[in-house]
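Here is coords.txt, consisting of compact mmCIF, C-alpha atoms and all ligand atoms:
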```
# COMPACT_ATOMS: atom_id res chain seq x y z
CA MET X 1 -35.83 163.01 -75.58
CA ILE X 2 -32.94 164.13 -73.39
CA ARG X 3 -32.36 160.56 -72.30
CA ARG X 4 -32.23 159.45 -75.92
CA ALA X 5 -29.74 162.21 -76.75
CA ILE X 6 -27.53 161.17 -73.86
CA LEU X 7 -27.75 157.53 -74.93
CA THR X 8 -26.81 158.47 -78.50
CA LEU X 9 -23.85 160.47 -77.28
CA ALA X 10 -22.77 157.59 -75.08
CA LEU X 11 -22.91 155.21 -78.03
CA LEU X 12 -20.93 157.59 -80.22
CA ALA X 13 -18.34 158.04 -77.52
CA THR X 14 -17.90 154.30 -76.96
CA PRO X 15 -14.79 152.82 -78.57
CA ALA X 16 -15.52 150.14 -81.12
CA LEU X 17 -14.73 147.39 -78.64
CA ALA X 18 -13.85 146.86 -75.00
CA GLN X 19 -17.16 148.34 -73.91
CA ASP X 20 -18.20 148.62 -70.32
CA ALA X 21 -21.81 147.97 -71.22
CA PRO X 22 -22.81 144.30 -71.28
CA ILE X 23 -23.77 142.87 -74.65
CA VAL X 24 -27.00 140.90 -74.60
CA SER X 25 -27.04 138.12 -77.19
CA GLU X 26 -29.31 135.14 -77.89
CA ARG X 27 -27.76 132.74 -75.40
CA ALA X 28 -25.44 134.81 -73.23
CA THR X 29 -24.76 138.25 -71.83
CA PHE X 30 -21.12 139.20 -71.90
CA ARG X 31 -18.64 142.03 -71.65
CA VAL X 32 -15.66 142.65 -73.94
CA THR X 33 -12.36 143.33 -72.20
CA THR X 34 -9.08 144.17 -73.90
CA PHE X 35 -6.86 141.42 -72.52
CA ALA X 36 -3.54 142.18 -74.28
CA THR X 37 -2.24 144.74 -76.77
CA GLY X 38 0.88 145.43 -78.82
CA LEU X 39 0.71 142.34 -81.04
CA GLU X 40 1.40 142.65 -84.78
CA HIS X 41 -1.11 140.58 -86.75
CA PRO X 42 -1.55 137.87 -84.11
CA TRP X 43 -2.50 134.63 -85.88
CA GLY X 44 -2.25 131.47 -83.77
CA ALA X 45 -2.67 130.94 -80.04
CA ALA X 46 -2.33 128.05 -77.60
CA PHE X 47 -2.84 128.00 -73.84
CA LEU X 48 -0.07 126.58 -71.68
CA PRO X 49 -0.97 124.53 -68.58
CA ASP X 50 -0.15 127.52 -66.33
CA GLY X 51 -2.89 129.59 -68.01
CA SER X 52 -0.53 131.75 -70.05
CA MET X 53 -0.86 131.79 -73.81
CA LEU X 54 1.62 131.37 -76.65
CA VAL X 55 0.73 133.72 -79.51
CA THR X 56 2.28 133.93 -82.97
CA GLU X 57 2.67 137.21 -84.79
CA ARG X 58 2.53 136.86 -88.56
CA PRO X 59 5.79 138.78 -89.25
CA GLY X 60 7.66 135.97 -87.48
CA ARG X 61 7.56 136.33 -83.73
CA LEU X 62 6.25 134.13 -80.93
CA ARG X 63 5.33 135.68 -77.58
CA ARG X 64 3.87 134.52 -74.30
CA VAL X 65 0.99 136.39 -72.71
CA THR X 66 0.60 135.94 -68.95
CA PRO X 67 -2.86 135.33 -67.41
CA ASP X 68 -2.99 139.03 -66.48
CA GLY X 69 -2.32 140.11 -70.05
CA ARG X 70 1.36 141.03 -69.98
CA VAL X 71 3.09 140.37 -73.31
CA SER X 72 6.63 138.92 -73.23
CA ALA X 73 9.59 139.75 -75.42
CA PRO X 74 9.80 137.55 -78.52
CA LEU X 75 10.87 133.98 -77.76
CA ALA X 76 14.24 132.85 -79.14
CA GLY X 77 14.61 129.93 -81.52
CA VAL X 78 11.67 130.68 -83.81
CA PRO X 79 12.25 129.58 -87.43
CA PRO X 80 12.79 132.15 -90.19
CA VAL X 81 9.57 132.73 -92.14
CA GLU X 82 8.48 134.10 -95.50
CA ALA X 83 6.68 137.18 -94.11
CA ALA X 84 5.06 138.56 -97.23
CA SER X 85 1.40 139.10 -98.11
CA GLN X 86 -0.60 136.39 -96.28
CA GLY X 87 2.52 134.44 -95.25
CA GLY X 88 4.61 134.43 -92.11
CA LEU X 89 4.50 132.63 -88.78
CA LEU X 90 0.97 131.27 -88.64
CA ASP X 91 -0.54 128.60 -86.38
CA ILE X 92 0.71 127.02 -83.16
CA ALA X 93 -0.50 123.92 -81.30
CA LEU X 94 0.72 122.06 -78.22
CA ALA X 95 1.33 118.32 -78.30
CA PRO X 96 -1.45 116.43 -76.50
CA ASP X 97 1.20 115.35 -73.96
CA PHE X 98 2.85 118.78 -73.71
CA VAL X 99 3.06 118.56 -69.91
CA ARG X 100 5.56 115.72 -70.28
CA THR X 101 7.26 116.52 -73.62
CA ARG X 102 7.11 120.37 -73.85
CA GLU X 103 6.57 119.79 -77.58
CA VAL X 104 4.92 122.46 -79.75
CA PHE X 105 4.01 122.49 -83.44
CA LEU X 106 4.15 125.54 -85.68
CA CYS X 107 2.86 126.12 -89.19
CA GLN X 108 4.53 128.79 -91.31
CA ALA X 109 5.19 130.12 -94.78
CA ALA X 110 8.75 129.27 -95.84
CA ALA X 111 10.96 130.48 -98.68
CA VAL X 112 12.74 127.64 -100.48
CA PRO X 113 14.52 127.33 -103.82
CA GLY X 114 11.76 127.69 -106.40
CA GLY X 115 9.44 129.88 -104.33
CA ALA X 116 7.45 129.53 -101.13
CA LEU X 117 5.35 126.86 -99.44
CA THR X 118 3.47 125.91 -96.28
CA ARG X 119 5.76 124.24 -93.72
CA LEU X 120 5.14 122.33 -90.48
CA VAL X 121 7.84 122.33 -87.80
CA THR X 122 8.14 121.09 -84.23
CA ALA X 123 10.27 122.23 -81.28
CA ARG X 124 10.36 122.11 -77.48
CA LEU X 125 9.49 125.03 -75.29
CA SER X 126 12.31 125.73 -72.83
CA PRO X 127 11.55 125.24 -69.09
CA THR X 128 11.84 129.02 -68.68
CA ASN X 129 9.23 129.58 -71.43
CA ASP X 130 11.46 132.03 -73.31
CA ALA X 131 12.88 129.92 -76.16
CA LEU X 132 12.19 127.11 -78.59
CA THR X 133 14.87 124.44 -78.78
CA GLY X 134 15.50 121.46 -81.05
CA LEU X 135 13.60 122.89 -84.01
CA ARG X 136 12.80 120.19 -86.60
CA ARG X 137 11.03 120.34 -89.94
CA LEU X 138 8.23 117.80 -90.23
CA LEU X 139 6.70 118.61 -93.62
CA ASP X 140 7.02 120.93 -96.60
CA ALA X 141 3.76 121.12 -98.58
CA THR X 142 5.49 120.74 -101.93
CA PRO X 143 5.83 121.71 -104.67
CA ALA X 144 6.97 125.26 -103.89
CA GLN X 145 5.32 127.97 -105.90
CA GLU X 146 7.21 130.89 -107.40
CA SER X 147 4.26 133.23 -107.93
CA GLY X 148 2.19 134.79 -105.19
CA ARG X 149 2.36 134.63 -101.41
CA GLN X 150 -1.27 133.80 -100.68
CA HIS X 151 -3.48 130.93 -99.51
CA TYR X 152 -1.14 129.02 -97.24
CA GLY X 153 -3.96 127.57 -95.10
CA CYS X 154 -1.81 126.51 -92.13
CA ARG X 155 -4.06 125.47 -89.25
CA ILE X 156 -3.06 122.56 -86.99
CA ALA X 157 -5.35 120.22 -85.01
CA PHE X 158 -4.82 116.93 -83.18
CA GLY X 159 -7.38 114.21 -83.80
CA ARG X 160 -8.72 111.73 -81.29
CA ASP X 161 -6.56 109.20 -83.13
CA GLY X 162 -3.49 111.04 -81.82
CA HIS X 163 -2.48 112.12 -85.32
CA LEU X 164 -1.77 115.66 -86.46
CA TYR X 165 -3.98 117.30 -89.06
CA LEU X 166 -2.75 120.27 -91.07
CA SER X 167 -4.72 122.39 -93.54
CA THR X 168 -2.96 123.76 -96.60
CA GLY X 169 -4.26 126.36 -99.06
CA GLU X 170 -4.09 125.98 -102.84
CA ARG X 171 -1.74 128.99 -103.13
CA ASN X 172 -4.27 130.72 -105.39
CA GLU X 173 -3.59 128.13 -108.12
CA ARG X 174 -6.96 126.40 -108.26
CA ALA X 175 -5.97 123.25 -110.10
CA ARG X 176 -3.57 122.33 -107.30
CA ALA X 177 -6.50 121.59 -104.96
CA GLN X 178 -7.62 118.64 -107.13
CA ARG X 179 -4.16 117.20 -107.82
CA LEU X 180 -3.34 114.21 -105.64
CA ASP X 181 0.41 114.46 -106.33
CA ASP X 182 0.47 117.94 -104.75
CA LEU X 183 0.14 118.92 -101.06
CA ALA X 184 -1.55 122.31 -101.64
CA GLY X 185 -5.30 122.66 -101.05
CA LYS X 186 -5.45 119.66 -98.73
CA VAL X 187 -6.02 118.42 -95.23
CA ILE X 188 -2.90 116.43 -94.40
CA ARG X 189 -2.67 113.73 -91.73
CA LEU X 190 0.62 112.82 -90.09
CA THR X 191 1.90 111.03 -87.04
CA ARG X 192 3.23 113.54 -84.55
CA ASP X 193 6.79 112.77 -85.64
CA GLY X 194 5.91 113.63 -89.23
CA ARG X 195 5.41 110.20 -90.81
CA MET X 196 2.40 109.21 -92.89
CA PRO X 197 0.10 106.79 -91.10
CA ASP X 198 -0.42 103.48 -92.90
CA ASP X 199 -4.19 103.96 -93.00
CA ASN X 200 -4.13 107.29 -94.87
CA PRO X 201 -6.36 106.96 -97.96
CA PHE X 202 -3.75 107.30 -100.71
CA VAL X 203 -0.83 105.44 -99.14
CA GLY X 204 0.79 103.07 -101.65
CA ARG X 205 -0.43 104.86 -104.77
CA THR X 206 2.35 106.02 -107.07
CA ASP X 207 0.24 108.88 -108.49
CA ALA X 208 -0.75 110.38 -105.13
CA ARG X 209 0.85 111.69 -101.94
CA GLY X 210 0.29 109.48 -98.95
CA GLU X 211 0.12 112.43 -96.55
CA ILE X 212 -3.24 113.55 -97.98
CA TRP X 213 -6.36 112.96 -95.87
CA SER X 214 -8.80 115.08 -97.94
CA TYR X 215 -8.55 117.36 -100.98
CA GLY X 216 -10.34 120.00 -103.06
CA HIS X 217 -9.87 122.76 -100.47
CA ARG X 218 -9.34 126.40 -101.41
CA HIS X 219 -7.99 128.26 -98.41
CA PRO X 220 -8.69 126.49 -95.10
CA GLN X 221 -7.76 128.53 -92.02
CA GLY X 222 -10.13 126.82 -89.59
CA LEU X 223 -9.59 123.30 -88.21
CA ALA X 224 -10.96 121.84 -84.98
CA VAL X 225 -12.13 118.52 -83.58
CA ASN X 226 -15.78 118.43 -82.51
CA PRO X 227 -15.60 117.39 -78.84
CA TRP X 228 -19.02 115.72 -78.96
CA THR X 229 -18.61 113.62 -82.13
CA GLY X 230 -14.85 113.39 -82.58
CA SER X 231 -15.17 114.58 -86.20
CA LEU X 232 -12.73 117.01 -87.75
CA TRP X 233 -14.39 120.27 -88.81
CA GLU X 234 -12.81 122.69 -91.24
CA ALA X 235 -13.61 126.23 -92.44
CA GLU X 236 -12.32 127.69 -95.67
CA PHE X 237 -12.48 130.95 -97.57
CA GLY X 238 -14.45 130.88 -100.79
CA PRO X 239 -13.68 133.45 -103.46
CA ARG X 240 -16.44 136.08 -103.57
CA GLY X 241 -19.11 134.25 -101.59
CA GLY X 242 -18.96 130.55 -100.97
CA ASP X 243 -17.09 130.36 -97.68
CA GLU X 244 -17.65 126.88 -96.26
CA VAL X 245 -17.71 124.76 -93.13
CA ASN X 246 -16.98 121.10 -93.87
CA VAL X 247 -16.89 117.90 -91.88
CA ILE X 248 -13.70 116.22 -93.08
CA ARG X 249 -13.98 112.58 -94.08
CA ARG X 250 -11.14 110.22 -95.01
CA GLY X 251 -10.25 110.59 -98.70
CA GLY X 252 -13.02 113.10 -99.36
CA ASN X 253 -13.01 115.53 -102.29
CA TYR X 254 -14.38 118.89 -101.09
CA GLY X 255 -14.84 120.21 -104.59
CA TRP X 256 -12.75 123.29 -105.18
CA PRO X 257 -12.76 124.53 -107.93
CA VAL X 258 -15.05 121.97 -109.61
CA VAL X 259 -18.06 123.01 -107.54
CA SER X 260 -18.48 126.21 -105.53
CA PHE X 261 -21.09 128.65 -104.31
CA GLY X 262 -18.60 131.45 -105.02
CA ARG X 263 -18.06 133.90 -107.82
CA GLU X 264 -15.09 135.47 -109.51
CA TYR X 265 -14.30 138.86 -108.00
CA TRP X 266 -15.48 140.38 -111.32
CA GLY X 267 -18.86 138.65 -111.18
CA PRO X 268 -19.40 135.32 -112.98
CA ARG X 269 -19.99 132.06 -111.12
CA ILE X 270 -16.87 129.91 -110.80
CA SER X 271 -18.81 126.72 -111.32
CA ARG X 272 -22.31 126.10 -112.68
CA GLU X 273 -22.65 123.45 -110.00
CA THR X 274 -22.79 123.78 -106.25
CA SER X 275 -22.91 120.00 -105.74
CA ALA X 276 -21.80 116.97 -107.72
CA PRO X 277 -21.59 113.17 -107.34
CA GLY X 278 -18.44 112.11 -105.54
CA ILE X 279 -17.94 115.50 -103.94
CA GLU X 280 -18.57 116.26 -100.27
CA ASP X 281 -21.07 119.07 -99.72
CA PRO X 282 -20.29 121.73 -97.14
CA ILE X 283 -22.49 121.64 -94.03
CA HIS X 284 -22.65 125.44 -93.94
CA VAL X 285 -22.08 128.10 -96.61
CA TRP X 286 -21.81 131.89 -96.46
CA VAL X 287 -22.96 134.02 -99.41
CA PRO X 288 -21.86 136.78 -99.17
CA SER X 289 -18.54 135.95 -97.55
CA VAL X 290 -17.59 136.44 -93.93
CA SER X 291 -13.95 135.33 -94.54
CA PRO X 292 -13.74 132.63 -91.84
CA SER X 293 -10.35 132.18 -90.21
CA GLY X 294 -9.83 130.33 -86.91
CA ILE X 295 -12.61 128.19 -85.43
CA ALA X 296 -13.18 126.82 -81.93
CA PHE X 297 -15.84 124.59 -80.40
CA TYR X 298 -17.25 125.83 -77.13
CA ASP X 299 -17.50 123.32 -74.28
CA GLY X 300 -16.56 125.68 -71.45
CA ALA X 301 -18.24 126.40 -68.16
CA ALA X 302 -18.36 130.21 -68.24
CA PHE X 303 -21.17 130.41 -70.81
CA PRO X 304 -23.59 127.47 -70.38
CA GLY X 305 -25.78 128.86 -73.19
CA TRP X 306 -22.92 128.57 -75.66
CA GLN X 307 -22.40 124.83 -75.16
CA ARG X 308 -22.29 122.96 -78.49
CA SER X 309 -21.47 126.13 -80.39
CA LEU X 310 -18.77 126.54 -82.99
CA PHE X 311 -17.18 129.99 -82.95
CA VAL X 312 -15.78 131.33 -86.22
CA ALA X 313 -13.43 134.33 -86.32
CA ALA X 314 -14.49 136.40 -89.34
CA LEU X 315 -12.17 138.84 -91.09
CA ASN X 316 -14.61 140.53 -93.44
CA THR X 317 -17.43 141.48 -92.72
CA PRO X 318 -15.62 141.37 -89.47
CA GLY X 319 -16.98 139.84 -86.31
CA LEU X 320 -17.58 136.61 -84.46
CA VAL X 321 -19.95 134.00 -85.84
CA ARG X 322 -21.58 131.54 -83.43
CA LEU X 323 -22.95 128.43 -85.06
CA SER X 324 -25.27 126.19 -83.05
CA THR X 325 -24.56 122.53 -83.71
CA GLU X 326 -26.22 119.16 -83.18
CA GLY X 327 -23.95 116.22 -83.87
CA ASP X 328 -22.21 117.00 -87.14
CA ARG X 329 -24.87 119.47 -88.27
CA VAL X 330 -25.20 123.25 -88.03
CA THR X 331 -28.61 124.27 -86.70
CA GLY X 332 -28.33 128.03 -86.32
CA GLU X 333 -26.18 131.10 -86.79
CA GLU X 334 -25.72 134.21 -84.68
CA ARG X 335 -23.39 137.12 -85.38
CA LEU X 336 -21.67 138.88 -82.49
CA LEU X 337 -19.58 142.08 -82.43
CA TRP X 338 -20.56 142.44 -86.05
CA GLY X 339 -18.79 145.06 -88.15
CA LYS X 340 -16.38 145.97 -85.34
CA THR X 341 -12.92 144.60 -86.05
CA ARG X 342 -11.22 141.92 -88.15
CA LEU X 343 -10.82 138.70 -86.15
CA ARG X 344 -8.12 136.17 -87.08
CA ASN X 345 -8.69 133.57 -84.43
CA VAL X 346 -10.79 132.48 -81.48
CA VAL X 347 -9.62 130.30 -78.58
CA VAL X 348 -11.35 129.15 -75.41
CA GLY X 349 -9.59 129.31 -72.03
CA ALA X 350 -9.67 126.56 -69.44
CA ASP X 351 -12.28 128.50 -67.43
CA GLY X 352 -14.48 128.91 -70.53
CA ARG X 353 -13.79 132.54 -71.27
CA VAL X 354 -13.45 133.30 -74.99
CA PHE X 355 -10.39 135.05 -76.43
CA LEU X 356 -10.35 136.81 -79.82
CA LEU X 357 -7.24 137.74 -81.81
CA THR X 358 -7.74 140.92 -83.84
CA ASP X 359 -6.06 141.17 -87.24
CA ALA X 360 -4.23 144.50 -87.30
CA PRO X 361 -0.70 145.91 -87.28
CA ASP X 362 -1.45 146.97 -83.69
CA GLY X 363 -3.46 143.85 -82.96
CA ALA X 364 -4.93 142.87 -79.61
CA ILE X 365 -6.47 139.96 -77.77
CA LEU X 366 -9.99 140.60 -76.56
CA ARG X 367 -11.67 138.54 -73.85
CA LEU X 368 -15.36 137.81 -73.50
CA ASP X 369 -16.40 137.59 -69.85
CA PRO X 370 -19.80 136.41 -68.64
CA VAL X 371 -22.02 139.03 -66.97
CA CA T 1 -16.27 122.80 -101.16
```
Taking this structure as input, can you express it in the form of structure tokens?
Amino acid sequence: MIRRAILTLALLATPALAQDAPIVSERATFRVTTFATGLEHPWGAAFLPDGSMLVTERPGRLRRVTPDGRVSAPLAGVPPVEAASQGGLLDIALAPDFVRTREVFLCQAAAVPGGALTRLVTARLSPTNDALTGLRRLLDATPAQESGRQHYGCRIAFGRDGHLYLSTGERNERARAQRLDDLAGKVIRLTRDGRMPDDNPFVGRTDARGEIWSYGHRHPQGLAVNPWTGSLWEAEFGPRGGDEVNVIRRGGNYGWPVVSFGREYWGPRISRETSAPGIEDPIHVWVPSVSPSGIAFYDGAAFPGWQRSLFVAALNTPGLVRLSTEGDRVTGEERLLWGKTRLRNVVVGADGRVFLLTDAPDGAILRLDPV
């Protein structure tokens, strides 16, 4: 009885995260360490070859975090952003040949005449790692929208084909996701210098934008290439229920808002159908929602039991989802750190440790270490 009381007290006294006690899960035992603090709504992260990490803060800053968790002053040369509601400085990715070119890619919300839109830019990281230089705009996901500052999407991934894939949200205007003359609610495919590849599905059509790779997306904030199949996987927020994981195929229509598992926030189903001819079904659905943001495949060495998993940072109910995969299928789901803190993104370090970006005004980066 006394032991139980002490245990209860210990649990009550434990902070929500960064526990000393190991967490025993289905395939791994790990410890949560607070790696870095003092970040305002961290959103995107990319590891540099020296093991430090570039991290965006949504209000419009880019910082570097050293391997021992020290957070730099904001880097110079970052573009101005539309930092309102869900917008701001969002994702970051390194060029596949960063070691040679020092080239980085950023996705952001931008204010333009007529409203706001999702924008892709590129720049070079200075040799001293404290500035971006040669900033260039690669794409504006037009048309701009006057109303609302939501659903920008804004995740970047490089495919095995060397091309850049960018997810864009439908800006909370559902019909935009199905329009082929509109870059909102899409997965876009570009060459790394911002041109549309000749083999994109709608190139040459006068009624469609050639940058589009797939369409019918609501609010995709997860994008990653499956290292075992080479396929592009995407995660998107549904409305109330109906969050999805999709395998993105060339020219595919992913359904929003024609078919959905989700509901209006006031109750009724958005669509009577959850599947329809000509529309790609999700490979995984959450009802109720978990609000999936960043995703990362796990192929690291630190946690052998997590090989072939897809991690999903969940904002609400907050936590970390681990999906087991086989080929391009999901075969299981486990929830870790559930109900603890809103997670915006998950990235895997070179040594296989897992890093989580918390979504908060005083946000942090947590690290999962094997025990
Ligand atoms: Ca869908």
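The spacing separating CA of Pro74 in chain X from CA of Phe47 in chain X amounts to 16.5 Å.
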* To do: Return the single residue from X:Val203, X:Ala350, X:Leu183, X:Ala224 that is closest to Ala301 in chain X, with distances computed using all atoms listed in the file.
  =>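 Under the stated criterion, the closest residue is X:Ala350.
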* Asked: From the set X:Gln108, X:Gln307, X:Thr358, X:Thr122, which residue has the shortest atom-to-atom contact distance to Leu320 in chain X, counting all atoms listed in the file?
  ->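 Once distances to Leu320 in chain X are computed over all atoms listed in the file, the minimum belongs to X:Thr358.
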I'd like a table as a Markdown table: residues in chain X with an atom no more than 9 Å from ligand CA 1 (chain T), each row giving the shortest atom pair and its distance in Å to one decimal, only C-alpha atoms and all ligand atoms counted, sorted by chain and rising residue number.
```
| residue | atom | partner | partner_atom | distance |
| --- | --- | --- | --- | --- |
| X:Gly216 | CA | T:CA1 | CA | 6.8 |
| X:His217 | CA | T:CA1 | CA | 6.4 |
| X:Arg218 | CA | T:CA1 | CA | 7.8 |
| X:Glu236 | CA | T:CA1 | CA | 8.3 |
| X:Gly238 | CA | T:CA1 | CA | 8.3 |
| X:Gly242 | CA | T:CA1 | CA | 8.2 |
| X:Asp243 | CA | T:CA1 | CA | 8.4 |
| X:Glu244 | CA | T:CA1 | CA | 6.5 |
| X:Val245 | CA | T:CA1 | CA | 8.4 |
| X:Asn246 | CA | T:CA1 | CA | 7.5 |
| X:Asn253 | CA | T:CA1 | CA | 8.0 |
| X:Tyr254 | CA | T:CA1 | CA | 4.3 |
| X:Gly255 | CA | T:CA1 | CA | 4.5 |
| X:Trp256 | CA | T:CA1 | CA | 5.4 |
| X:Pro257 | CA | T:CA1 | CA | 7.8 |
| X:Val258 | CA | T:CA1 | CA | 8.6 |
| X:Val259 | CA | T:CA1 | CA | 6.6 |
| X:Ser260 | CA | T:CA1 | CA | 6.0 |
| X:Phe261 | CA | T:CA1 | CA | 8.2 |
| X:Thr274 | CA | T:CA1 | CA | 8.3 |
| X:Ser275 | CA | T:CA1 | CA | 8.5 |
| X:Ile279 | CA | T:CA1 | CA | 8.0 |
| X:Glu280 | CA | T:CA1 | CA | 7.0 |
| X:Asp281 | CA | T:CA1 | CA | 6.2 |
| X:Pro282 | CA | T:CA1 | CA | 5.8 |
```
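When only C-alpha atoms are used to compute distances to Gln86 in chain X, the closest of the residues X:Asp299, X:Glu57, X:Glu326, X:Asp68 turns out to be X:Glu57.
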First collect every listed atom of range 244-262 of chain X; then fit an axis-aligned box around them, widen it by 8 Å on each side, and give centre and edge lengths in Å to one decimal, as lines of an AutoDock Vina configuration file.
```
center_x = -15.7
center_y = 120.8
center_z = -100.7
size_x = 26.8
size_y = 37.2
size_z = 33.7
```
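Non-sequential neighbours of range 191-195 of chain X (distance at most 7 Å, separation of 5 or more positions within a chain, all atoms listed in the file) are Leu138, Leu139, His163 and Leu164 of chain X.
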* **Between CA of Gly251 in chain X and CA of Val187 in chain X, distance in Å (one decimal)** =>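 Computing the Euclidean distance for CA of Gly251 in chain X and CA of Val187 in chain X yields 9.6 Å.
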* To do: Pick out the closest residue to Ile365 in chain X from this set: X:Gly230, X:Gly169, X:Gly44, X:Gly159. Count only C-alpha atoms.
  =>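 With only C-alpha atoms as the atom set, the closest residue is X:Gly44.
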* Asked: If I put a ball of radius 7 Å at (-12.8, 130.1, -78.8) in the file's coordinates, which residues poke into it when counting all atoms listed in the file, written as a ChimeraX atom specification?
  -> /X:295-298,311,346-348,354-355
